[in-house]
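First comes the structure, then the notes that go with it.
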Amino acid sequence: MIEIDRITKVYDGAKAVDAVSMTVETGTITVIVGTSGSGKTTLLRMINRLEEPTSGEVRINGESTLSVKPHILRRRIGYVIQGHGLFPHHTVARNIGAVPRLLNWPREKIEARVDELLTLFSMDPAQFRDRYPAELSGGQQQRVGVARALASRPDLLLMDEPFGALDPIIRARAQDDLRHIQQRLGSTILLVTHDMEEAIRLGDRVAVMDGGRLVQHATPAELIARPASAFVADMVGNVERPLRLLSLIPVSEAVEDGPAEGEPLPAGSSLRDALSACLWTGRTAVPIHRDGTSAGRVTLDAIRARAGLHE
Ligand SMILES: Nc1ncnc2c1ncn2[C@@H]1O[C@H](COP(=O)(O)OP(=O)(O)OP(=O)(O)O)[C@@H](O)[C@H]1O
């Protein structure tokens, strides 16, 4: 369990983080969401002491982080930032094994852990172990970045906009992967984003920040049903509106001629169903069937264009 207890950071007389308290249960994902400058990154960096709190305290399984030397603390807390931060001149295996090496794990144990993680992230170890970061796609680099942060089985994984550099389709897949792996490993994760949709999709709990303060800490369903303030309602509403709109439009309104791979959707489906099918399976188009025969396809571009037509 992670207990954040009235933690505050003052820069030049201004409170970047203002007496934030929250408890994060072991084995859950908490997403910290808020507008730019609301204090999300500062809050995250005070947990692994990349920033020292002005006041307040963080306890991990009852132990104050102030009682542990920062470099020791950081080996116990994984940290993933936007754009992966891999060492460019080290192979994938060396990158993933970086912290276990610092912890003096035996070589065979490190190699086994590297292969286990690559397999978990759907990257064949024989193919990827000896590659350099520049020889990977953006999505693969991001997965290696997360694998590296998980390598030593940290008490906690901190992620700061980890998917910010990925395009929307890869981003959705990366989110699904993270959820899946977190459930397999039982990791405890605190993730920062400015994207409420990502927060609702990934979080067991969502912490909404505004002006350095924690304005609501709740499950995604509670947040949507009972936003604590107009600010939260606005943040949630803006996410839901295009999706609600898409769920009202039948696919027949956006269907076009052309090929598409995979499981077809019935003609009575909504564009929200089609969007979901694209994101879930990583496709850019889905085939549409009417009475068992092909009626064309719906593309992600067509869905996006319709989602934008709301004025
Ligand atoms: N080292 C620093 N010195 C002075 N002020 C800082 C410093 N770091 C952050 N701040 C200020 O603290 C506030 C919170 O910044 P922070 O980076 O935590 O916000 P954020 O919510 O993560 O924003 P973003 O989404 O834009 O990254 C901002 O007003 C910022 O200008």
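The chains in the structure tokens are called A, B, ... from first to last as shown; in each chain the residues are counted from 1, and the ligands are counted from 1 in the order shown.
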
Rows by chain and residue number, chain A within 9 Å of ligand 1, shortest pair, only C-alpha atoms and all ligand atoms, as a tab-separated table:
```
residue	atom	partner	partner_atom_place_in_ligand_line	distance
A:Lys9	CA	ligand 1	12 (O)	8.3
A:Val10	CA	ligand 1	12 (O)	8.1
A:Tyr11	CA	ligand 1	4 (C)	4.9
A:Asp12	CA	ligand 1	4 (C)	6.6
A:Ala14	CA	ligand 1	12 (O)	7.9
A:Lys15	CA	ligand 1	12 (O)	7.3
A:Ala16	CA	ligand 1	12 (O)	4.2
A:Val17	CA	ligand 1	14 (C)	7.0
A:Val33	CA	ligand 1	21 (O)	7.9
A:Gly34	CA	ligand 1	21 (O)	6.2
A:Thr35	CA	ligand 1	25 (O)	5.9
A:Ser36	CA	ligand 1	26 (O)	3.5
A:Gly37	CA	ligand 1	19 (O)	3.5
A:Ser38	CA	ligand 1	21 (O)	3.8
A:Gly39	CA	ligand 1	18 (O)	3.2
A:Lys40	CA	ligand 1	21 (O)	3.9
A:Thr41	CA	ligand 1	22 (O)	3.6
A:Thr42	CA	ligand 1	18 (O)	3.7
A:Leu43	CA	ligand 1	18 (O)	6.4
A:Leu44	CA	ligand 1	18 (O)	8.1
A:Arg45	CA	ligand 1	18 (O)	8.4
A:Glu51	CA	ligand 1	1 (N)	8.5
A:Asp160	CA	ligand 1	22 (O)	8.3
A:Glu161	CA	ligand 1	25 (O)	8.5
A:Val192	CA	ligand 1	22 (O)	7.7
A:Thr193	CA	ligand 1	25 (O)	7.1
A:His194	CA	ligand 1	25 (O)	5.9
A:Met209	CA	ligand 1	21 (O)	7.6
A:Asp210	CA	ligand 1	21 (O)	8.2
A:Gly211	CA	ligand 1	14 (C)	7.9
A:Gly212	CA	ligand 1	14 (C)	6.8
```

Could you dump the residues just selected with N, CA and C atoms as an mmCIF file, in the first residue's frame?
```cif
data_model
loop_
_atom_site.group_PDB
_atom_site.id
_atom_site.type_symbol
_atom_site.label_atom_id
_atom_site.label_comp_id
_atom_site.auth_asym_id
_atom_site.auth_seq_id
_atom_site.Cartn_x
_atom_site.Cartn_y
_atom_site.Cartn_z
ATOM 1 N N LYS A 9 4.504 20.784 -2.367
ATOM 2 C CA LYS A 9 5.741 21.311 -2.967
ATOM 3 C C LYS A 9 5.530 22.781 -3.282
ATOM 4 N N VAL A 10 6.412 23.611 -2.741
ATOM 5 C CA VAL A 10 6.339 25.049 -2.996
ATOM 6 C C VAL A 10 7.529 25.439 -3.863
ATOM 7 N N TYR A 11 7.259 26.072 -4.988
ATOM 8 C CA TYR A 11 8.319 26.655 -5.836
ATOM 9 C C TYR A 11 8.148 28.166 -5.815
ATOM 10 N N ASP A 12 9.158 28.889 -5.435
ATOM 11 C CA ASP A 12 9.130 30.355 -5.467
ATOM 12 C C ASP A 12 7.843 30.912 -4.839
ATOM 13 N N ALA A 14 4.974 29.631 -4.626
ATOM 14 C CA ALA A 14 3.697 29.122 -5.159
ATOM 15 C C ALA A 14 3.607 27.611 -4.920
ATOM 16 N N LYS A 15 2.404 27.157 -4.560
ATOM 17 C CA LYS A 15 2.227 25.726 -4.282
ATOM 18 C C LYS A 15 1.950 24.962 -5.576
ATOM 19 N N ALA A 16 2.947 24.201 -6.054
ATOM 20 C CA ALA A 16 2.749 23.374 -7.250
ATOM 21 C C ALA A 16 1.900 22.163 -6.891
ATOM 22 N N VAL A 17 2.114 21.638 -5.662
ATOM 23 C CA VAL A 17 1.289 20.554 -5.117
ATOM 24 C C VAL A 17 0.901 20.971 -3.718
ATOM 25 N N VAL A 33 -4.826 12.574 -13.263
ATOM 26 C CA VAL A 33 -5.187 13.303 -14.469
ATOM 27 C C VAL A 33 -5.453 14.765 -14.107
ATOM 28 N N GLY A 34 -5.159 15.657 -15.038
ATOM 29 C CA GLY A 34 -5.396 17.080 -14.787
ATOM 30 C C GLY A 34 -4.858 17.891 -15.941
ATOM 31 N N THR A 35 -5.174 19.173 -15.927
ATOM 32 C CA THR A 35 -4.718 20.030 -17.014
ATOM 33 C C THR A 35 -3.220 20.326 -16.853
ATOM 34 N N SER A 36 -2.650 20.950 -17.863
ATOM 35 C CA SER A 36 -1.239 21.296 -17.833
ATOM 36 C C SER A 36 -0.936 22.211 -16.643
ATOM 37 N N GLY A 37 0.120 21.903 -15.911
ATOM 38 C CA GLY A 37 0.516 22.755 -14.791
ATOM 39 C C GLY A 37 -0.247 22.480 -13.507
ATOM 40 N N SER A 38 -1.060 21.421 -13.478
ATOM 41 C CA SER A 38 -1.865 21.151 -12.276
ATOM 42 C C SER A 38 -1.065 20.452 -11.172
ATOM 43 N N GLY A 39 0.190 20.050 -11.482
ATOM 44 C CA GLY A 39 1.053 19.486 -10.435
ATOM 45 C C GLY A 39 1.237 17.982 -10.521
ATOM 46 N N LYS A 40 0.763 17.356 -11.588
ATOM 47 C CA LYS A 40 0.802 15.888 -11.709
ATOM 48 C C LYS A 40 2.230 15.347 -11.658
ATOM 49 N N THR A 41 3.106 15.932 -12.520
ATOM 50 C CA THR A 41 4.479 15.436 -12.594
ATOM 51 C C THR A 41 5.217 15.681 -11.289
ATOM 52 N N THR A 42 5.003 16.837 -10.699
ATOM 53 C CA THR A 42 5.665 17.151 -9.428
ATOM 54 C C THR A 42 5.241 16.148 -8.354
ATOM 55 N N LEU A 43 3.946 15.825 -8.322
ATOM 56 C CA LEU A 43 3.451 14.838 -7.346
ATOM 57 C C LEU A 43 4.150 13.494 -7.563
ATOM 58 N N LEU A 44 4.220 13.061 -8.828
ATOM 59 C CA LEU A 44 4.820 11.760 -9.128
ATOM 60 C C LEU A 44 6.299 11.741 -8.720
ATOM 61 N N ARG A 45 7.004 12.832 -9.050
ATOM 62 C CA ARG A 45 8.449 12.869 -8.800
ATOM 63 C C ARG A 45 8.783 13.029 -7.312
ATOM 64 N N GLU A 51 12.056 14.838 -6.763
ATOM 65 C CA GLU A 51 11.810 16.150 -6.133
ATOM 66 C C GLU A 51 11.610 15.893 -4.642
ATOM 67 N N ASP A 160 4.948 8.507 -16.297
ATOM 68 C CA ASP A 160 4.596 9.897 -16.600
ATOM 69 C C ASP A 160 4.304 10.035 -18.091
ATOM 70 N N GLU A 161 3.052 10.147 -18.450
ATOM 71 C CA GLU A 161 2.613 10.244 -19.857
ATOM 72 C C GLU A 161 3.302 9.175 -20.708
ATOM 73 N N VAL A 192 0.537 9.141 -14.782
ATOM 74 C CA VAL A 192 0.114 10.523 -15.016
ATOM 75 C C VAL A 192 -0.292 10.704 -16.476
ATOM 76 N N THR A 193 -1.420 11.362 -16.698
ATOM 77 C CA THR A 193 -1.831 11.700 -18.056
ATOM 78 C C THR A 193 -2.653 12.983 -18.022
ATOM 79 N N HIS A 194 -2.764 13.667 -19.202
ATOM 80 C CA HIS A 194 -3.717 14.775 -19.248
ATOM 81 C C HIS A 194 -4.989 14.306 -19.972
ATOM 82 N N MET A 209 -6.451 16.280 -10.549
ATOM 83 C CA MET A 209 -5.716 17.419 -9.968
ATOM 84 C C MET A 209 -6.155 18.706 -10.662
ATOM 85 N N ASP A 210 -6.220 19.780 -9.860
ATOM 86 C CA ASP A 210 -6.496 21.109 -10.413
ATOM 87 C C ASP A 210 -5.768 22.120 -9.539
ATOM 88 N N GLY A 211 -4.880 22.911 -10.144
ATOM 89 C CA GLY A 211 -4.165 23.938 -9.395
ATOM 90 C C GLY A 211 -3.421 23.406 -8.189
ATOM 91 N N GLY A 212 -2.797 22.207 -8.321
ATOM 92 C CA GLY A 212 -2.002 21.647 -7.234
ATOM 93 C C GLY A 212 -2.809 20.856 -6.208
#
```

So that I can check the surroundings of A:Val298, please list as an mmCIF file with C-alpha atoms, in the first residue's frame every protein, DNA and RNA residue that reaches within 6 Å of it, counting only C-alpha atoms and ignoring chain neighbours fewer than 2 positions away.
```cif
data_model
loop_
_atom_site.group_PDB
_atom_site.id
_atom_site.type_symbol
_atom_site.label_atom_id
_atom_site.label_comp_id
_atom_site.auth_asym_id
_atom_site.auth_seq_id
_atom_site.Cartn_x
_atom_site.Cartn_y
_atom_site.Cartn_z
ATOM 1 C CA VAL A 255 -19.953 2.715 -44.979
ATOM 2 C CA ALA A 285 -11.012 -0.524 -41.025
ATOM 3 C CA VAL A 286 -13.691 -3.154 -40.285
#
```

Write out as a PyMOL selection string each polymer residue whose atoms come within 9 Å of A:Trp280, counting only C-alpha atoms; drop sequence neighbours fewer than 5 positions from it.
-> chain A and resi 169+172-173+176+275

Include C-alpha atoms and write out the residues we just selected as a PDB file, in the first residue's frame.
```
ATOM      1  CA  ILE A 169      -4.127   3.093 -32.475  1.00  0.00           C
ATOM      2  CA  ALA A 172      -4.938   1.916 -27.396  1.00  0.00           C
ATOM      3  CA  ARG A 173      -3.033  -1.342 -27.818  1.00  0.00           C
ATOM      4  CA  ASP A 176      -4.553  -2.866 -23.279  1.00  0.00           C
ATOM      5  CA  LEU A 275     -14.360   2.314 -33.371  1.00  0.00           C
TER       6      LEU A 275
END
```

DSSP says alpha helix (DSSP H) for which residues of stretch 196-250 of chain A? Put them as a PyMOL selection string?
-> chain A and resi 196-202+220-225+230-247

Taking only residues of stretch 131-213 of chain A that have an atom at most 12 Å from an atom of stretch 60-71 of chain A, what is each one's shortest atom pair and its distance in Å to one decimal, using only C-alpha atoms, in chain and number order, as a Markdown table?
```
| residue | atom | partner | partner_atom | distance |
| --- | --- | --- | --- | --- |
| A:Pro154 | CA | A:Ile60 | CA | 11.4 |
| A:Asp155 | CA | A:Ile60 | CA | 8.0 |
| A:Leu156 | CA | A:Ile60 | CA | 8.6 |
| A:Thr188 | CA | A:Ile60 | CA | 11.0 |
```

Can you write out the residues you just picked, keeping C-alpha atoms, as a short mmCIF file (atom, residue, chain, number, x, y, z; two decimals), in the first residue's frame?
```
data_model
loop_
_atom_site.label_atom_id
_atom_site.label_comp_id
_atom_site.auth_asym_id
_atom_site.auth_seq_id
_atom_site.Cartn_x
_atom_site.Cartn_y
_atom_site.Cartn_z
CA PRO A 154 9.50 -3.03 -8.08
CA ASP A 155 7.13 -2.23 -5.22
CA LEU A 156 5.66 0.50 -7.39
CA THR A 188 1.00 -1.32 -8.34
#
```

Do a neighbour search on A:Arg184 at 12 Å with only C-alpha atoms, toss out local chain neighbours closer than 5 positions, and write the hits as a PyMOL selection string.
-> chain A and resi 27-28+117+120-121+177-179

Those residues you just picked out, can you put them in a file as a PDB file, in the first residue's frame with C-alpha atoms?
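result_26.pdb, freshly written:
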```
ATOM      1  CA  GLY A  27      -1.984  -4.355  -7.183  1.00  0.00           C
ATOM      2  CA  THR A  28      -4.063  -1.481  -8.580  1.00  0.00           C
ATOM      3  CA  LEU A 117       9.422  -9.931 -19.909  1.00  0.00           C
ATOM      4  CA  LEU A 120       5.090 -11.158 -21.845  1.00  0.00           C
ATOM      5  CA  PHE A 121       5.216  -8.100 -24.103  1.00  0.00           C
ATOM      6  CA  ASP A 177      -1.102  -4.474 -22.958  1.00  0.00           C
ATOM      7  CA  LEU A 178      -0.340  -2.550 -19.785  1.00  0.00           C
ATOM      8  CA  ARG A 179      -3.646  -3.591 -18.208  1.00  0.00           C
TER       9      ARG A 179
END
```

Using only C-alpha atoms, determine which residues lie at most 10 Å from A:Leu191, disregarding the query and same-chain residues fewer than 5 positions distant; provide the list as a list in words.
-> Ile29, Thr30, Val31, Ile32, Val33, Lys40, Thr41, Leu44, Tyr79, Val80, Ile81, Leu157, Leu158, Met159, Asp160, Glu161, Pro162, Glu198, Ala199, Leu202, Gly203, Val206 and Ala207 of chain A

Close residues, A:Ser269 itself excluded, 10 Å, only C-alpha atoms, min 2 positions apart in chain, as an MDAnalysis selection string = chainID A and resid 247:252 265:267 271:274 288
